[in-house]
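**Q** See structure35.tsv below, with TSV, C-alpha atoms.
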```
chain	number	residue	atom	x	y	z
A	1	MET	CA	72.01	48.93	77.46
A	2	LYS	CA	68.29	49.00	77.97
A	3	GLY	CA	65.79	46.65	76.41
A	4	LEU	CA	62.44	44.94	76.66
A	5	LEU	CA	60.83	41.74	75.50
A	6	GLY	CA	57.56	42.10	73.67
A	7	LYS	CA	55.17	40.91	71.01
A	8	LYS	CA	54.73	42.14	67.49
A	9	LEU	CA	51.07	43.03	67.04
A	10	GLY	CA	51.08	44.11	63.40
A	11	MET	CA	51.44	47.09	61.11
A	12	THR	CA	49.37	50.15	60.36
A	13	SER	CA	50.06	53.80	59.69
A	14	ILE	CA	49.61	57.04	61.56
A	15	PHE	CA	49.67	60.68	60.55
A	16	SER	CA	52.43	62.92	61.84
A	17	PRO	CA	51.55	66.44	63.07
A	18	GLU	CA	52.67	67.77	59.67
A	19	GLY	CA	50.21	65.42	57.99
A	20	ASN	CA	52.70	62.88	56.65
A	21	ARG	CA	51.62	59.27	56.67
A	22	ILE	CA	54.13	57.13	58.56
A	23	PRO	CA	54.16	53.32	58.30
A	24	ILE	CA	54.43	51.85	61.79
A	25	THR	CA	54.78	48.51	63.52
A	26	VAL	CA	52.98	48.13	66.82
A	27	ILE	CA	54.85	46.25	69.53
A	28	GLN	CA	53.41	45.40	72.89
A	29	ALA	CA	56.56	45.51	74.99
A	30	GLY	CA	56.80	44.58	78.62
A	31	PRO	CA	56.21	44.95	81.44
A	32	CYS	CA	59.30	42.83	82.01
A	33	THR	CA	60.51	41.59	85.38
A	34	VAL	CA	64.13	41.36	86.39
A	35	THR	CA	64.40	37.68	87.27
A	36	ASP	CA	68.13	37.43	87.89
A	37	ILE	CA	71.29	39.48	87.93
A	38	ARG	CA	74.73	38.38	86.78
A	39	THR	CA	77.64	40.28	88.26
A	40	GLU	CA	81.26	40.52	87.27
A	41	ASN	CA	82.47	39.11	90.58
A	42	LYS	CA	80.25	36.07	90.49
A	43	ASN	CA	79.72	35.34	86.78
A	44	GLY	CA	82.50	37.24	85.07
A	45	TYR	CA	80.18	39.68	83.29
A	46	ASN	CA	77.41	42.16	84.07
A	47	ALA	CA	73.97	41.22	82.83
A	48	VAL	CA	70.30	41.29	83.71
A	49	GLN	CA	67.89	38.44	83.04
A	50	LEU	CA	64.53	39.69	81.87
A	51	GLY	CA	61.32	37.71	82.16
A	52	TYR	CA	58.25	38.40	80.05
A	53	GLU	CA	54.73	37.09	80.61
A	54	ILE	CA	53.79	34.84	83.50
A	55	ALA	CA	54.27	31.19	82.54
A	56	LYS	CA	51.17	29.50	81.27
A	57	LYS	CA	49.74	26.56	83.12
A	58	LYS	CA	49.85	23.25	81.35
A	59	ARG	CA	47.57	20.33	82.01
A	60	MET	CA	49.76	17.37	82.87
A	61	LYS	CA	48.70	13.85	82.01
A	62	ARG	CA	50.03	12.59	85.30
A	63	THR	CA	47.51	12.63	88.10
A	64	VAL	CA	48.41	14.20	91.40
A	65	GLU	CA	46.60	12.67	94.37
A	66	GLY	CA	44.06	10.98	92.14
A	67	LYS	CA	43.13	14.18	90.25
A	68	LYS	CA	44.38	15.75	87.05
A	69	LYS	CA	46.07	18.95	88.07
A	70	ASN	CA	47.38	22.05	86.39
A	71	VAL	CA	51.09	22.15	86.94
A	72	LYS	CA	53.37	25.02	86.03
A	73	ARG	CA	55.54	24.21	83.07
A	74	PHE	CA	58.88	25.01	84.63
A	75	LYS	CA	61.14	22.32	85.92
A	76	LYS	CA	62.22	22.32	89.55
A	77	PRO	CA	65.72	23.83	89.19
A	78	ILE	CA	64.40	26.78	87.18
A	79	LYS	CA	61.39	27.16	89.46
A	80	GLY	CA	63.78	27.26	92.40
A	81	GLN	CA	65.51	30.24	90.82
A	82	PHE	CA	62.22	32.15	90.67
A	83	ASP	CA	61.29	31.11	94.20
A	84	ARG	CA	64.58	32.55	95.44
A	85	PHE	CA	63.33	36.09	94.73
A	86	ASN	CA	59.60	35.33	95.16
A	87	ILE	CA	58.87	35.91	91.47
A	88	GLN	CA	56.24	34.09	89.45
A	89	PRO	CA	57.75	31.81	86.78
A	90	MET	CA	58.04	33.62	83.46
A	91	GLU	CA	57.27	32.30	80.00
A	92	HIS	CA	60.12	33.98	78.15
A	93	LEU	CA	63.58	34.75	79.52
A	94	LYS	CA	66.33	36.82	77.97
A	95	GLU	CA	69.69	37.92	79.24
A	96	MET	CA	70.78	41.47	78.52
A	97	ARG	CA	74.29	42.84	79.03
A	98	VAL	CA	74.47	46.03	81.10
A	99	ALA	CA	77.29	48.37	82.05
A	100	SER	CA	76.49	48.19	85.76
A	101	THR	CA	73.92	46.15	87.68
A	102	GLU	CA	73.48	48.72	90.44
A	103	GLU	CA	70.23	50.09	89.01
A	104	TYR	CA	68.58	46.67	88.92
A	105	THR	CA	67.12	44.53	91.68
A	106	PRO	CA	65.42	41.13	91.25
A	107	GLY	CA	61.66	41.49	90.97
A	108	GLN	CA	61.92	45.01	89.55
A	109	GLU	CA	59.46	45.81	86.78
A	110	ILE	CA	60.63	47.50	83.58
A	111	LYS	CA	58.10	49.25	81.38
A	112	VAL	CA	58.02	50.95	78.00
A	113	ASP	CA	58.70	54.38	79.50
A	114	ILE	CA	62.44	53.58	79.38
A	115	PHE	CA	62.23	54.55	75.70
A	116	LYS	CA	61.54	58.04	74.42
A	117	GLU	CA	59.83	59.24	71.30
A	118	GLY	CA	62.31	59.95	68.53
A	119	GLU	CA	64.88	57.52	69.94
A	120	LYS	CA	66.55	54.92	67.73
A	121	VAL	CA	66.11	51.25	68.62
A	122	ASP	CA	66.96	47.79	67.30
A	123	VAL	CA	64.36	45.06	67.09
A	124	ILE	CA	65.44	41.43	67.12
A	125	GLY	CA	62.93	38.78	66.15
A	126	THR	CA	62.59	35.47	64.36
A	127	SER	CA	61.97	35.83	60.65
A	128	ILE	CA	59.00	34.12	59.01
A	129	GLY	CA	59.90	30.58	57.95
A	130	LYS	CA	59.92	29.99	54.20
A	131	GLY	CA	60.68	26.27	54.32
A	132	PHE	CA	63.00	24.67	51.76
A	133	ALA	CA	63.61	27.48	49.28
A	134	GLY	CA	65.37	27.47	45.92
A	135	ALA	CA	68.43	29.52	45.04
A	136	MET	CA	66.40	32.24	43.30
A	137	LYS	CA	64.31	32.99	46.37
A	138	ARG	CA	67.00	32.33	48.97
A	139	TRP	CA	69.99	34.04	47.38
A	140	ASN	CA	68.39	36.21	44.69
A	141	PHE	CA	69.97	34.18	41.84
A	142	GLY	CA	68.93	35.13	38.35
A	143	GLY	CA	67.82	31.72	37.15
A	144	GLY	CA	67.66	30.71	33.53
A	145	CYS	CA	65.57	31.63	30.53
A	146	SER	CA	61.87	31.01	30.94
A	147	SER	CA	61.35	30.21	27.24
A	148	HIS	CA	63.22	29.79	23.90
A	149	GLY	CA	63.61	26.05	24.55
A	150	SER	CA	65.54	26.62	27.75
A	151	GLN	CA	65.36	23.72	30.13
A	152	VAL	CA	67.04	25.68	32.94
A	153	HIS	CA	64.34	27.71	34.67
A	154	ARG	CA	65.02	28.17	38.36
A	155	GLN	CA	68.22	26.16	38.73
A	156	PRO	CA	71.21	27.55	40.65
A	157	GLY	CA	73.66	26.94	37.76
A	158	SER	CA	77.23	25.79	38.27
A	159	ALA	CA	78.42	24.51	41.66
A	160	GLY	CA	82.06	25.30	40.91
A	161	ALA	CA	84.96	24.75	38.54
A	162	THR	CA	86.08	21.30	37.25
A	163	ASP	CA	89.61	22.25	38.17
A	164	ALA	CA	88.89	22.32	41.90
A	165	ALA	CA	87.16	18.91	41.70
A	166	ARG	CA	85.01	19.81	44.69
A	167	THR	CA	82.42	22.34	45.78
A	168	PHE	CA	83.75	25.02	48.08
A	169	LYS	CA	82.26	25.49	51.50
A	170	GLY	CA	79.69	28.25	51.79
A	171	LYS	CA	78.43	27.76	48.22
A	172	LYS	CA	75.03	29.40	48.01
A	173	SER	CA	72.54	26.66	47.35
A	174	PRO	CA	68.89	25.81	48.01
A	175	GLY	CA	67.96	25.01	51.59
A	176	HIS	CA	65.95	26.07	54.58
A	177	MET	CA	65.11	29.76	54.58
A	178	GLY	CA	63.77	31.97	57.33
A	179	ASN	CA	62.75	31.03	60.87
A	180	LYS	CA	66.01	32.29	62.28
A	181	SER	CA	67.02	35.26	64.38
A	182	SER	CA	67.03	38.49	62.45
A	183	ALA	CA	67.62	42.07	63.55
A	184	ALA	CA	66.32	45.35	62.18
A	185	LEU	CA	68.72	48.09	63.25
A	186	ASN	CA	68.36	51.82	63.85
A	187	LEU	CA	64.57	52.15	63.74
A	188	GLU	CA	62.84	55.27	64.97
A	189	VAL	CA	60.41	55.22	67.88
A	190	VAL	CA	57.43	57.20	66.64
A	191	LYS	CA	55.19	57.03	69.68
A	192	ILE	CA	54.90	55.39	73.07
A	193	ILE	CA	51.60	54.56	74.77
A	194	PRO	CA	52.60	53.72	78.36
A	195	ASP	CA	49.16	52.74	79.70
A	196	LYS	CA	48.80	50.00	77.07
A	197	ASN	CA	52.53	49.08	76.95
A	198	LEU	CA	52.78	49.91	73.28
A	199	ILE	CA	55.71	51.11	71.20
A	200	LEU	CA	55.09	52.34	67.68
A	201	ILE	CA	58.16	51.91	65.50
A	202	LYS	CA	58.69	53.33	62.05
A	203	GLY	CA	59.01	50.68	59.37
A	204	ALA	CA	58.89	46.91	59.35
A	205	ILE	CA	60.41	44.41	61.76
A	206	PRO	CA	61.16	40.70	61.31
A	207	GLY	CA	58.69	38.00	62.30
A	208	SER	CA	55.02	37.22	62.11
A	209	LYS	CA	52.25	38.74	64.20
A	210	GLN	CA	52.20	37.67	67.85
A	211	SER	CA	55.85	36.62	67.63
A	212	LEU	CA	58.33	37.37	70.40
A	213	VAL	CA	60.67	40.29	69.78
A	214	PHE	CA	63.41	42.00	71.73
A	215	VAL	CA	63.53	45.78	71.57
A	216	ARG	CA	66.77	47.41	72.66
A	217	GLU	CA	68.64	50.66	72.48
A	218	THR	CA	70.41	50.80	69.13
A	219	VAL	CA	74.00	49.66	68.80
A	220	LYS	CA	74.55	52.01	65.88
A	221	ARG	CA	76.55	55.08	66.73
A	222	LYS	CA	74.74	58.38	66.67
A	223	MET	CA	75.82	60.71	63.90
A	224	LYS	CA	76.38	64.18	65.27
A	225	LYS	CA	76.77	67.27	63.17
A	226	LYS	CA	79.92	68.25	65.05
A	227	HIS	CA	81.58	64.95	64.22
A	228	LYS	CA	80.71	65.34	60.59
A	229	ILE	CA	82.31	68.77	60.37
A	230	LYS	CA	85.36	67.64	62.34
A	231	GLY	CA	85.70	64.58	60.17
A	232	THR	CA	85.54	66.48	56.91
A	233	ALA	CA	88.01	69.08	58.19
A	234	ALA	CA	90.50	66.36	59.14
A	235	VAL	CA	90.11	64.70	55.77
A	236	GLN	CA	90.64	68.00	54.01
A	237	LYS	CA	93.79	68.65	56.04
A	238	LYS	CA	95.15	65.24	55.15
A	239	ALA	CA	94.33	65.81	51.50
A	240	THR	CA	96.05	69.17	51.44
A	241	ALA	CA	99.07	67.70	53.23
A	242	ALA	CA	99.26	64.86	50.71
A	243	LYS	CA	99.05	67.35	47.84
A	244	GLY	CA	101.90	69.33	49.37
A	245	LYS	CA	104.06	66.21	49.58
A	246	LYS	CA	103.38	65.34	45.96
A	247	THR	CA	104.35	68.79	44.77
A	248	ILE	CA	107.59	68.59	46.77
A	249	LYS	CA	108.38	65.21	45.21
A	250	LYS	CA	107.71	66.61	41.76
A	251	LYS	CA	110.05	69.49	42.46
A	252	ILE	CA	112.81	67.09	43.52
A	253	LYS	CA	112.34	65.15	40.30
B	254	MET	CA	26.14	74.04	39.48
B	255	LYS	CA	24.69	71.82	42.17
B	256	ILE	CA	26.90	71.18	45.14
B	257	TYR	CA	26.32	68.03	47.10
B	258	ASN	CA	27.79	67.81	50.53
B	259	ILE	CA	26.31	64.69	51.98
B	260	LEU	CA	28.31	63.62	54.97
B	261	HIS	CA	28.07	60.32	56.68
B	262	THR	CA	29.37	60.20	60.21
B	263	TYR	CA	31.90	57.59	61.14
B	264	PRO	CA	30.59	55.60	64.13
B	265	VAL	CA	33.58	56.35	66.36
B	266	GLU	CA	31.58	56.41	69.57
B	267	ILE	CA	29.86	53.12	68.81
B	268	PHE	CA	33.21	51.56	68.06
B	269	ASN	CA	34.61	52.84	71.36
B	270	GLN	CA	31.72	51.33	73.30
B	271	GLN	CA	32.19	47.99	71.56
B	272	ALA	CA	35.88	47.94	72.39
B	273	ASP	CA	35.16	48.72	76.03
B	274	LYS	CA	32.62	45.91	76.20
B	275	PHE	CA	35.19	43.57	74.74
B	276	HIS	CA	37.62	44.62	77.39
B	277	GLU	CA	35.08	44.07	80.17
B	278	ARG	CA	34.51	40.53	79.02
B	279	GLY	CA	38.23	39.93	79.34
B	280	LYS	CA	38.69	39.40	75.63
B	281	LYS	CA	41.72	40.54	73.76
B	282	MET	CA	41.27	44.03	72.41
B	283	ASP	CA	42.59	44.75	69.00
B	284	LEU	CA	45.09	47.38	70.04
B	285	ILE	CA	45.88	48.29	66.45
B	286	ASP	CA	42.23	49.23	65.98
B	287	ILE	CA	42.47	51.59	68.92
B	288	ILE	CA	45.53	53.31	67.45
B	289	GLU	CA	43.83	53.58	64.08
B	290	ARG	CA	40.65	54.99	65.57
B	291	GLN	CA	42.52	57.93	67.05
B	292	GLN	CA	43.65	58.90	63.55
B	293	LEU	CA	40.22	58.82	61.95
B	294	LYS	CA	38.24	61.90	61.10
B	295	GLU	CA	34.84	62.15	62.75
B	296	SER	CA	33.07	62.49	59.45
B	297	ILE	CA	34.13	61.79	55.93
B	298	PRO	CA	32.27	62.66	52.76
B	299	ASP	CA	30.32	59.94	51.06
B	300	LEU	CA	32.30	59.99	47.84
B	301	GLY	CA	32.50	57.10	45.48
B	302	PRO	CA	33.58	56.16	41.97
B	303	GLY	CA	32.18	58.45	39.28
B	304	ASP	CA	31.81	61.50	41.49
B	305	THR	CA	33.42	64.73	40.41
B	306	VAL	CA	35.29	65.99	43.45
B	307	ARG	CA	37.15	69.19	44.21
B	308	ILE	CA	39.56	69.00	47.12
B	309	GLN	CA	41.88	71.46	48.80
B	310	ILE	CA	45.23	70.28	50.11
B	311	LYS	CA	47.40	72.07	52.63
B	312	VAL	CA	50.80	72.65	51.04
B	313	VAL	CA	53.79	74.03	52.93
B	314	GLU	CA	56.06	76.10	50.75
B	315	GLY	CA	58.94	78.12	52.13
B	316	GLY	CA	57.54	78.03	55.66
B	317	LYS	CA	54.15	79.25	54.49
B	318	GLU	CA	51.01	77.18	54.30
B	319	ARG	CA	48.58	77.58	51.45
B	320	LEU	CA	45.73	75.65	49.92
B	321	GLN	CA	46.08	73.90	46.61
B	322	ALA	CA	43.02	72.74	44.74
B	323	PHE	CA	42.63	69.58	42.68
B	324	GLU	CA	39.52	68.61	40.81
B	325	GLY	CA	38.80	65.33	39.09
B	326	ILE	CA	36.71	62.23	38.78
B	327	CYS	CA	36.99	59.72	41.59
B	328	ILE	CA	38.02	56.50	39.87
B	329	SER	CA	38.60	54.27	42.85
B	330	ARG	CA	38.29	54.03	46.57
B	331	ASN	CA	40.15	51.31	48.44
B	332	GLY	CA	41.49	50.29	51.83
B	333	ASN	CA	39.85	50.70	55.18
B	334	GLY	CA	40.46	52.49	58.44
B	335	VAL	CA	43.40	54.91	58.34
B	336	ASN	CA	44.59	53.36	55.10
B	337	GLU	CA	41.47	54.25	53.18
B	338	MET	CA	42.36	56.00	49.91
B	339	PHE	CA	40.63	57.53	46.96
B	340	THR	CA	42.03	58.33	43.54
B	341	LEU	CA	41.12	61.39	41.50
B	342	ARG	CA	41.75	61.62	37.78
B	343	LYS	CA	41.65	64.74	35.68
B	344	ILE	CA	42.70	65.65	32.19
B	345	ALA	CA	45.31	68.38	32.38
B	346	SER	CA	46.52	70.58	29.54
B	347	HIS	CA	47.40	68.90	26.21
B	348	GLY	CA	45.11	66.01	27.12
B	349	ILE	CA	47.48	64.48	29.62
B	350	GLY	CA	45.79	62.48	32.34
B	351	VAL	CA	46.81	63.23	35.92
B	352	GLU	CA	45.97	60.92	38.81
B	353	ARG	CA	46.45	61.62	42.48
B	354	THR	CA	45.72	59.32	45.39
B	355	PHE	CA	44.88	60.69	48.83
B	356	PRO	CA	44.32	59.09	52.22
B	357	ILE	CA	40.76	60.06	53.05
B	358	HIS	CA	41.60	60.65	56.72
B	359	SER	CA	44.68	62.77	55.98
B	360	PRO	CA	44.87	65.97	58.04
B	361	ARG	CA	46.29	67.67	54.95
B	362	LEU	CA	42.95	67.40	53.20
B	363	ALA	CA	41.37	70.70	54.17
B	364	ASN	CA	38.24	70.53	52.10
B	365	ILE	CA	36.37	67.92	50.13
B	366	GLU	CA	33.55	69.08	47.91
B	367	ILE	CA	31.44	66.76	45.79
B	368	LYS	CA	30.35	68.70	42.72
B	369	ARG	CA	28.60	66.05	40.73
B	370	ARG	CA	27.31	62.58	41.39
B	371	GLY	CA	28.21	59.96	38.81
B	372	ASP	CA	26.03	57.05	37.82
B	373	VAL	CA	28.43	54.16	37.24
B	374	ARG	CA	28.21	50.40	37.36
B	375	ARG	CA	31.77	49.65	38.33
B	376	ALA	CA	33.73	50.15	41.56
B	377	LYS	CA	36.93	51.04	39.72
B	378	LEU	CA	36.79	53.27	36.66
B	379	TYR	CA	40.16	52.24	35.25
B	380	TYR	CA	38.63	52.07	31.79
B	381	LEU	CA	38.78	55.87	31.69
B	382	ARG	CA	42.56	55.65	31.37
B	383	LYS	CA	42.33	54.22	27.87
B	384	ARG	CA	39.97	56.94	26.66
B	385	ILE	CA	41.03	60.01	24.74
B	386	GLY	CA	39.36	63.40	24.42
B	387	LYS	CA	35.85	64.06	25.61
B	388	ALA	CA	35.14	60.40	26.33
B	389	ALA	CA	37.85	60.42	28.98
B	390	THR	CA	35.82	62.59	31.32
B	391	ARG	CA	32.33	61.48	30.38
B	392	VAL	CA	30.45	59.91	33.27
B	393	LYS	CA	26.68	59.83	33.42
B	394	GLU	CA	25.19	62.02	36.10
B	395	LYS	CA	23.16	60.39	38.81
B	396	ARG	CA	19.55	61.52	38.95
B	397	PHE	CA	17.88	61.60	42.31
B	398	LYS	CA	14.21	60.79	42.22
```
Once more with this new file: its structure as C-alpha cells, please.

**A**
Amino acid sequence: MKGLLGKKLGMTSIFSPEGNRIPITVIQAGPCTVTDIRTENKNGYNAVQLGYEIAKKKRMKRTVEGKKKNVKRFKKPIKGQFDRFNIQPMEHLKEMRVASTEEYTPGQEIKVDIFKEGEKVDVIGTSIGKGFAGAMKRWNFGGGCSSHGSQVHRQPGSAGATDAARTFKGKKSPGHMGNKSSAALNLEVVKIIPDKNLILIKGAIPGSKQSLVFVRETVKRKMKKKHKIKGTAAVQKKATAAKGKKTIKKKIK
Amino acid sequence: MKIYNILHTYPVEIFNQQADKFHERGKKMDLIDIIERQQLKESIPDLGPGDTVRIQIKVVEGGKERLQAFEGICISRNGNGVNEMFTLRKIASHGIGVERTFPIHSPRLANIEIKRRGDVRRAKLYYLRKRIGKAATRVKEKRFK
C-alpha cells in the first residue's frame, strides 16, 4: 500500500480538457517522512510509520535556567525514537501496512508523486462534529406530523415492543453525531501539482478545512473489462447447465 | 442592430503579483486561489442582468464538434472565480420559457455577444418567469449619454 498524510484545503472546481466542470477537493499531502519501520521478524507485521509536519514548539510554563523556554512538545521516550534516526519530531504520526519494507528507510521523504492522475484513492478523515443530534438528523428517521394537532414532531417513536420488556442493544437513538473517523472510498485523482504538494480529488471528502486526512491507494478492487466478460460467460454457462438439469428432471417426471 | 462588445480584462497579472508578494512575506498563500486562477479566462464580457446575449457553445456530436447558438435575456449572474455563472432566459416556441445556466469561464463557451443593454433596477430578474406573452421579454433598453 502507498499513502500520505495531508490537509484538506477546501473545494473548488476545474474544467476538464473537454470543457466539463469537475468538482474537486484540494488536499495538501506530504511531504511525509518515514519515521519508523516495523518488520515481520521484530514486530510480527510489516508497516511503515509516517510523520507529517515538523512538531510545533510550545511555550512551557516551567522555566529552564531562570528563563521561559520553547520546548518541543514530544515526551522523552518518543523524542528518543526520532533521535535514533536523526529525524525532527513530527506533529502527526500514522502507521501504514506495507507488503514489504525493503523500499523504505527511516528518514526517507515521500511526496505526492507516488500517485498518478486518473488513479483511484481512498481518503480517511474525521467528519465534522454535529454535537448531540436527534434521531431525524442522525438516523434519517421520518419524525411525526408537523401539524393537525400532532404533538410528535421530531421524536424517534417507539423504543421497542412491550413483549420484550427491554430495549435491544443497537437501537438507533439520539446521541453524539460526527467527529469520528470516516472514509470516502474509490475517488478519482484528477490532477497532481508536485511543486506545491497538492492532490486534486474528484468529489467531496470527510472533515472540515485544514483537517488532517490520510490519502491512500484504494482498497476497492479494480473492475476490468476482461473480468466482466469472463464473469458473465461463467454465469451464462451455469444458467444453461441448470436449465438442462431442470429439463432432465421434468423428463423423468 | 447595435452590437456591444465591451470587454473588461480580468486582473490576472495583478493577482499573480499579489500572491507572490504574500509568499515573500512568508504568509500562507491561498492555494485554492492559485488553482482557480489557472482556469480563468483572460477577459470576460461585461454582461449583467437585463442584457440580451447571444452565445455559441461547442457541442460534440458523434465525434464532430459544432457550434450551437443560444440567445436570451441574462436574468442573473452569481458566484465568483471559476464558479461564476450567468443564466439566460428565452421564450421558445409555444411561449415556453427556456433557461440555461453557463459557467462564464467555461472553455465550451466559444463566443459571447451582447446585443442589447438592458436598463434594470434589480440584480436578479426572476420576475420575468411569471410573465406571459410580450411582457415576458420586455426589458427597457439602456441609453448611453

**Q** Which residue gives the smallest distance to Lys76 in chain A among A:Gly157, A:Gly129, A:Pro106, A:Pro89, with all atoms listed in the file counted?

**A**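 Answer, going by the shortest atom-to-atom distance: A:Pro89.
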
**Q** For a test of reading the model, state the distance in Å between CA of Gly30 in chain A and CA of Val112 in chain A, rounded to one decimal.

**A**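 Spanning CA of Gly30 in chain A to CA of Val112 in chain A is a straight-line distance of 6.5 Å.
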
**Q** Could you give me, as a tab-separated table, a per-residue list for chain B showing, wherever an atom lies at most 10 Å from an atom of chain A, the closest pair of atoms and their distance in Å to one decimal, using all atoms listed in the file and sorting by chain then residue number from low to high?

**A**
```
residue	atom	partner	partner_atom	distance
B:Asp283	CA	A:Leu9	CA	8.9
B:Leu284	CA	A:Leu9	CA	8.0
B:Ile285	CA	A:Val26	CA	7.1
B:Asp286	CA	A:Thr12	CA	9.1
B:Ile288	CA	A:Ile14	CA	8.1
B:Glu289	CA	A:Ile14	CA	7.2
B:Gln291	CA	A:Ile14	CA	9.0
B:Gln292	CA	A:Ile14	CA	6.6
B:Leu293	CA	A:Ile14	CA	9.6
B:Lys311	CA	A:Gly19	CA	9.0
B:Val313	CA	A:Glu18	CA	9.3
B:Gly334	CA	A:Thr12	CA	9.4
B:Val335	CA	A:Ser13	CA	6.9
B:Asn336	CA	A:Ser13	CA	7.2
B:Pro356	CA	A:Arg21	CA	8.6
B:His358	CA	A:Phe15	CA	8.9
B:Ser359	CA	A:Gly19	CA	6.5
B:Pro360	CA	A:Gly19	CA	5.4
B:Arg361	CA	A:Gly19	CA	5.4
B:Leu362	CA	A:Gly19	CA	8.9
```

**Q** Within 12 Å of Asp113 in chain A, counting only C-alpha atoms, which residues qualify if same-chain residues fewer than 5 places away don't, as a ChimeraX atom specification?

**A** /A:2-4,29-32,119,189,191-199

**Q** Find the spatial neighbours of Leu185 in chain A, counting all atoms listed in the file, within a cut-off of 9 Å - ignore same-chain residues fewer than 5 positions away - and output them as a PyMOL selection string.

**A** chain A and resi 120-124+218-220

**Q** Using CA of Gly332 in chain B and CA of Ala204 in chain A as the two end points, give the distance in Å to one decimal.

**A**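 It comes out at 19.3 Å.
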
**Q** Report as a list of chain:residue names all protein, DNA and RNA residues lying within 8 Å of Pro156 in chain A, evaluated on all atoms listed in the file, omitting residues in the same chain fewer than 5 positions from it.

**A**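 Contacts, in chain order: A:Gly134, A:Ala135, A:Met136, A:Phe141, A:Gly143, A:Ser173, A:Pro174.
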
**Q** So the first atom is CA of Thr126 in chain A and the second is CA of Asn186 in chain A; what is the distance between them in Å, to one decimal place?

**A** 17.3 Å

**Q** For Ala363 in chain B, work out the shell of residues within 10 Å, counting only C-alpha atoms and skipping chain neighbours fewer than 4 positions away, then give it as a PyMOL selection string.

**A** chain B and resi 308-311+320-322+359

**Q** Emit the selected residues as a PDB file, in the frame of the given file, including C-alpha atoms.

**A**
```
ATOM      1  CA  ILE B 308      39.560  69.000  47.120  1.00  0.00           C
ATOM      2  CA  GLN B 309      41.880  71.460  48.800  1.00  0.00           C
ATOM      3  CA  ILE B 310      45.230  70.280  50.110  1.00  0.00           C
ATOM      4  CA  LYS B 311      47.400  72.070  52.630  1.00  0.00           C
ATOM      5  CA  LEU B 320      45.730  75.650  49.920  1.00  0.00           C
ATOM      6  CA  GLN B 321      46.080  73.900  46.610  1.00  0.00           C
ATOM      7  CA  ALA B 322      43.020  72.740  44.740  1.00  0.00           C
ATOM      8  CA  SER B 359      44.680  62.770  55.980  1.00  0.00           C
TER       9      SER B 359
END
```

**Q** Pick the closest to Ile367 in chain B from B:Met338, B:Val351, B:Val392, B:Cys327: which is it, counting only C-alpha atoms?

**A**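 For Ile367 in chain B, the nearest of the given residues is B:Cys327.
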
**Q** For each of A:Trp139, A:Ile205, A:Gly131, A:Gln210, take the minimum atom-to-atom distance to Asn179 in chain A, counting only C-alpha atoms, then give the residue where this is smallest.

**A**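 Of A:Trp139, A:Ile205, A:Gly131, A:Gln210, the one nearest Asn179 in chain A, counting only C-alpha atoms, is A:Gly131.
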
**Q** Between A:Arg97, A:Lys79, A:Lys222, A:Lys169, which is the closest to Glu40 in chain A once you count all atoms listed in the file?

**A** A:Arg97

**Q** Within 9 Å of Arg391 in chain B, counting all atoms listed in the file, which residues qualify if same-chain residues fewer than 3 places away don't, as a ChimeraX atom specification?

**A** /B:381,387-388

**Q** May I ask which of the residues B:Glu324, B:Ile357, B:Glu314, B:Ala389 is the closest one to Ile297 in chain B, counting only C-alpha atoms?

**A**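 Closest residue, counting only C-alpha atoms: B:Ile357.
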
**Q** Could you list as a PyMOL selection string every residue that has an atom within 9 Å of (60.9, 39.8, 86.5), using the file's coordinates and counting only C-alpha atoms?

**A** chain A and resi 31-36+49-53+82+87-90+106-110

**Q** Output, as AutoDock Vina command-line options, the centre and edge lengths in Å (one decimal) of the axis-aligned box that contains all listed atoms of range 347-360 of chain B with 3 Å of margin on each side.

**A**
```
--center_x 44.1 --center_y 64.0 --center_z 42.1 --size_x 12.7 --size_y 15.8 --size_z 37.8
```
